[in-house]
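Student: Sharing a structure with you now.
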Amino acid sequence: MFGISSAEFAVILMIALLVVGPKQMPGVLRTFGRAYRKLNHFVKNASQVIDDTLYDADRIAEKAEKYLLDDQQKQPSQQKEKPVDDK
């Protein structure tokens with residue numbers, strides 16, 4: 001959890017217990033848990049929105065590429081080579 005070991009977590013919990021006090025500790029942990037859940041939910045939703053947007057952008061890019069390739073194949077080369085002036 002958060003990249004910390006259980007010993008470090010125990011030290012943090014003990015310091016929090018000394019600072020907050022034993023009576024308010026359950027309420028503080030409950031508030032922290034709610035905030036963590038909300039943050040986690042927000043991150044999951046944001047990640048899903050980004051994934052959906054990138055997926056849609058890929059589909060649009062594929063359609064545009066297909067359209068351009070089809071258009072290029074349908075039209076013969078209309079650009080004639082310009083004569084080179086030797087001056």
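Letters A, B, ... go to the chains of the structure tokens in the order shown; residues in each chain start at 1; ligands are counted from 1 in the same order.
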Would you list the contacts of Leu13 (chain A) as an MDAnalysis selection string, taking every protein, DNA or RNA residue within 12 Å and counting only C-alpha atoms, but skipping same-chain residues closer than 6 positions in sequence?

Tutor: chainID A and resid 6:7 19:22 25:26 28:29

Student: Write down as a ChimeraX atom specification the residues belonging to chain A that are assigned helix (DSSP H, G or I) by DSSP computed on the backbone.

Tutor: /A:6-20,25-74

Student: One decimal, in Å: what's the spacing between CA of Gln73 (chain A) and CA of Ala61 (chain A)?

Tutor: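 For CA of Gln73 (chain A) relative to CA of Ala61 (chain A), the distance reads 18.2 Å.
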
Student: What gap, in Å, lies between CA of Thr31 (chain A) and CA of Ile12 (chain A)?

Tutor: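 CA of Ile12 (chain A) lies at a distance of 16.4 Å from CA of Thr31 (chain A).
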
Student: So how many Å separate CA of Asp71 (chain A) and CA of Arg59 (chain A), to one decimal?

Tutor: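 Straight-line distance from CA of Asp71 (chain A) to CA of Arg59 (chain A) works out to 18.2 Å.
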